Amino acid sequence: MQTIVLTTLGNLVIWPAVLAGYFGRISWDRASGIAALGSLPFIAAYALDGQTTVASFFAAMGALNAWNWWKGGGGDDTKRRLKSWARRFQGVRRTAPQGA
């Protein structure tokens, strides 16, 4: 039962994003990001069902879509935020103690 619910949820997320990207309503980068999120219910459904090969396939496709979204400019705000956090953690150079 939960497999049917999760795969239906994944289909309800992925297919509208693909169609909207195809017809130009949203960019392909945004459609890839939505499809990456839509692959999560498929991964959970097939992992709970014990079909690890299919779950691995959807994990790979989700990772590929997330990478396309990230490289297409979808993660620019996230990249900027990570760089600002990294500036706070600048390392301090110290010399090693001179032992006997």
# chains A, B, ... in the order shown; residues from 1 in each chain; ligands from 1
$ residues_around --residues "stretch 12-21 of chain A" --least-positions-apart "4" --cutoff "10 Å" --atoms "only C-alpha atoms" --output "JSON, numbers by chain"
{"A": [6, 7, 8, 25, 26, 27, 28, 29, 30, 31, 32, 33, 34, 35, 36, 37, 38, 39, 41]}
$ residues_around --residues "stretch 52-59 of chain A" --least-positions-apart "5" --cutoff "9 Å" --atoms "only C-alpha atoms" --output "tab-separated table (two decimals) with C-alpha atoms, in the first residue's frame"
chain	number	residue	atom	x	y	z
A	36	ALA	CA	15.31	15.55	-8.11
A	39	SER	CA	12.69	10.99	-7.06
A	40	LEU	CA	12.82	10.82	-3.26
A	42	PHE	CA	10.46	6.55	-5.50
A	43	ILE	CA	13.68	5.82	-3.62
A	44	ALA	CA	11.79	5.35	-0.36
A	45	ALA	CA	9.09	3.20	-1.98
A	46	TYR	CA	11.46	0.80	-3.68
A	47	ALA	CA	13.84	0.62	-0.72
A	64	LEU	CA	21.95	13.64	-11.85
$ atom_distance --atom1 "atom CA of A:Leu9" --atom2 "atom CA of A:Thr78"
26.5 Å
$ decode --residues "stretch 59-98 of chain A" --atoms "C-alpha atoms" --output "PDB file, in the first residue's frame"
ATOM      1  CA  ALA A  59      18.899   7.631  -6.553  1.00  0.00           C
ATOM      2  CA  ALA A  60      21.295   8.010  -9.478  1.00  0.00           C
ATOM      3  CA  MET A  61      18.692   9.831 -11.570  1.00  0.00           C
ATOM      4  CA  GLY A  62      17.879  12.097  -8.627  1.00  0.00           C
ATOM      5  CA  ALA A  63      21.554  12.882  -8.144  1.00  0.00           C
ATOM      6  CA  LEU A  64      21.950  13.636 -11.852  1.00  0.00           C
ATOM      7  CA  ASN A  65      18.932  15.955 -11.786  1.00  0.00           C
ATOM      8  CA  ALA A  66      20.199  17.675  -8.636  1.00  0.00           C
ATOM      9  CA  TRP A  67      23.586  18.192 -10.311  1.00  0.00           C
ATOM     10  CA  ASN A  68      21.893  19.672 -13.400  1.00  0.00           C
ATOM     11  CA  TRP A  69      19.900  22.014 -11.170  1.00  0.00           C
ATOM     12  CA  TRP A  70      23.008  23.033  -9.216  1.00  0.00           C
ATOM     13  CA  LYS A  71      25.150  23.634 -12.325  1.00  0.00           C
ATOM     14  CA  GLY A  72      22.343  25.493 -14.062  1.00  0.00           C
ATOM     15  CA  GLY A  73      22.334  28.245 -11.474  1.00  0.00           C
ATOM     16  CA  GLY A  74      19.649  26.819  -9.232  1.00  0.00           C
ATOM     17  CA  GLY A  75      21.947  26.706  -6.246  1.00  0.00           C
ATOM     18  CA  ASP A  76      23.445  30.187  -6.573  1.00  0.00           C
ATOM     19  CA  ASP A  77      21.919  31.432  -3.328  1.00  0.00           C
ATOM     20  CA  THR A  78      23.092  28.287  -1.569  1.00  0.00           C
ATOM     21  CA  LYS A  79      26.608  28.689  -2.978  1.00  0.00           C
ATOM     22  CA  ARG A  80      26.706  32.318  -1.867  1.00  0.00           C
ATOM     23  CA  ARG A  81      25.521  31.390   1.626  1.00  0.00           C
ATOM     24  CA  LEU A  82      28.125  28.617   1.955  1.00  0.00           C
ATOM     25  CA  LYS A  83      30.902  31.001   0.896  1.00  0.00           C
ATOM     26  CA  SER A  84      29.821  33.572   3.474  1.00  0.00           C
ATOM     27  CA  TRP A  85      29.818  30.899   6.181  1.00  0.00           C
ATOM     28  CA  ALA A  86      33.255  29.688   5.077  1.00  0.00           C
ATOM     29  CA  ARG A  87      34.710  33.177   5.548  1.00  0.00           C
ATOM     30  CA  ARG A  88      33.911  32.992   9.265  1.00  0.00           C
ATOM     31  CA  PHE A  89      36.025  29.882   9.735  1.00  0.00           C
ATOM     32  CA  GLN A  90      39.425  31.058   8.634  1.00  0.00           C
ATOM     33  CA  GLY A  91      42.166  28.905  10.027  1.00  0.00           C
ATOM     34  CA  VAL A  92      44.873  30.230  12.325  1.00  0.00           C
ATOM     35  CA  ARG A  93      48.444  29.385  11.446  1.00  0.00           C
ATOM     36  CA  ARG A  94      50.420  28.069  14.351  1.00  0.00           C
ATOM     37  CA  THR A  95      53.908  26.732  14.577  1.00  0.00           C
ATOM     38  CA  ALA A  96      54.539  23.276  15.868  1.00  0.00           C
ATOM     39  CA  PRO A  97      56.027  23.043  19.347  1.00  0.00           C
ATOM     40  CA  GLN A  98      59.759  22.502  19.398  1.00  0.00           C
TER      41      GLN A  98
END
